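Please read the structure below before turning to the comments.
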Amino acid sequence: QVQLVESGGGWVQPGESLTLSCLASGLDVSTASQMDWYRQAPGKQRNFVARLARNLGPYYANSVKGRFTVSADNAKNTLYLQMNDLQLEDTAVYLCKMDHRGTTYWGQGTQVTVSS
């Protein structure tokens, strides 16, 4: 059974940083065709944040480009999202998504709140 568990969310002030983790079990992230981060603010639709696709470079939404970095550690079977210079509009639940052998898996999400 595949399970994705996000962690690392919390409350920060504008300009601060957080690193989110998405630990995968039941699948090998080194064989995932695509691993994404999405976010969903209250009352809004879920939006794409960042992607790490096999054999391709990372890809980011314009709103986070230059501030966020997506990476993976195959040995730890974990996807990361390093978030710098966080802004009020980055407040949301952040979810990881992995595509593996034709199936898409989602985590439950971790809350990130940016507030002064």
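Labels used: A, B, ... for chains in the order of the structure tokens, numbers from 1 for residues in each chain, and numbers from 1 for ligands as shown.
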
Point to revise | Selection: 8 Å around Glu89 (chain A), only C-alpha atoms, excl. self and same-chain fewer than 2 positions, as a count of residues only | key: 3

Exercise for review: Please run DSSP on the backbone and report, as a PyMOL selection string, all residues within chain A that come out as helix (DSSP H, G or I).
Suggested key: chain A and resi 29-31+88-90

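Closest to Asn74 (chain A) among A:Leu52, A:Val29, A:Leu88, A:Met98 is A:Val29, based on only C-alpha atoms.
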
Check your understanding: Which of region 50-112 of chain A counts as strand (DSSP E or B) under DSSP, as an MDAnalysis selection string please?
Key -> chainID A and resid 50:53 59:60 68:73 78:83 92:100 103:106 110:112

Exercise for review: Show which residues sit within 7 Å of Glu16 (chain A), as a ChimeraX atom specification. Count only C-alpha atoms, and ignore same-chain residues fewer than 5 positions away.
Suggested key: /A:84-86

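Closest approach to Val70 (chain A) among A:Asn47, A:Ser116, A:Ser7, A:Thr19 is made by A:Thr19 (distances from only C-alpha atoms).
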
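Of the residues listed (A:Asn77, A:Thr69, A:Gln40, A:Thr103), A:Thr69 shows the shortest atom-to-atom separation from Leu20 (chain A); distances use only C-alpha atoms.
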
**Study point:** Best match for closeness to Ser63 (chain A) among A:Gln1, A:Lys76, A:Phe48, A:Val93, counting only C-alpha atoms
**Key:** A:Phe48

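For Tyr94 (chain A), the list of residues within 6 Å, based on only C-alpha atoms and with local chain neighbours fewer than 6 positions off taken out, reads Tyr38, Arg39, Gly109 and Thr110 of chain A.
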
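You will find CA of Leu27 (chain A) at 17.7 Å from CA of Arg51 (chain A).
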
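If only C-alpha atoms are the atoms counted, then among A:Gly10, A:Ala72, A:Asp90, A:Arg54 the closest residue to Ala24 (chain A) is A:Ala72.
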
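Between CA of Cys96 (chain A) and CA of Arg46 (chain A) the interatomic distance comes to 11.5 Å.
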
Check your understanding: Which residues, written as a count of residues only, have at least one atom at most 8 Å from Ala61 (chain A), with only C-alpha atoms counted and residues fewer than 4 positions away on the same chain left out?
Key -> 4

Practice item. Record the distance separating CA of Leu95 (chain A) and CA of Ser115 (chain A), expressed in Å with one decimal. Key: 20.0 Å

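Once Lys97 (chain A) and its same-chain neighbours fewer than 3 positions away are set aside, Met35, Asp36, Tyr105 and Trp106 of chain A remain within 6 Å of it when counting only C-alpha atoms.
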
Write out as an mmCIF file with N, CA, C and O atoms, in the first residue's frame which residues come within 8 Å of Ser71 (chain A) when counting only C-alpha atoms, dropping same-chain ones fewer than 5 positions away.
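Saved result, part_17.cif, follows:
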data_model
loop_
_atom_site.group_PDB
_atom_site.id
_atom_site.type_symbol
_atom_site.label_atom_id
_atom_site.label_comp_id
_atom_site.auth_asym_id
_atom_site.auth_seq_id
_atom_site.Cartn_x
_atom_site.Cartn_y
_atom_site.Cartn_z
ATOM 1 N N LEU A 52 9.292 17.715 -9.981
ATOM 2 C CA LEU A 52 10.547 17.026 -10.237
ATOM 3 C C LEU A 52 10.186 15.803 -11.064
ATOM 4 O O LEU A 52 9.533 14.876 -10.578
ATOM 5 N N LEU A 79 10.681 13.337 -0.823
ATOM 6 C CA LEU A 79 10.638 14.533 -1.657
ATOM 7 C C LEU A 79 10.640 15.748 -0.734
ATOM 8 O O LEU A 79 9.989 15.720 0.316
ATOM 9 N N TYR A 80 11.363 16.795 -1.123
ATOM 10 C CA TYR A 80 11.474 17.989 -0.291
ATOM 11 C C TYR A 80 11.014 19.228 -1.053
ATOM 12 O O TYR A 80 11.039 19.270 -2.282
ATOM 13 N N LEU A 81 10.637 20.235 -0.278
ATOM 14 C CA LEU A 81 10.372 21.556 -0.835
ATOM 15 C C LEU A 81 10.981 22.574 0.122
ATOM 16 O O LEU A 81 10.470 22.781 1.224
#
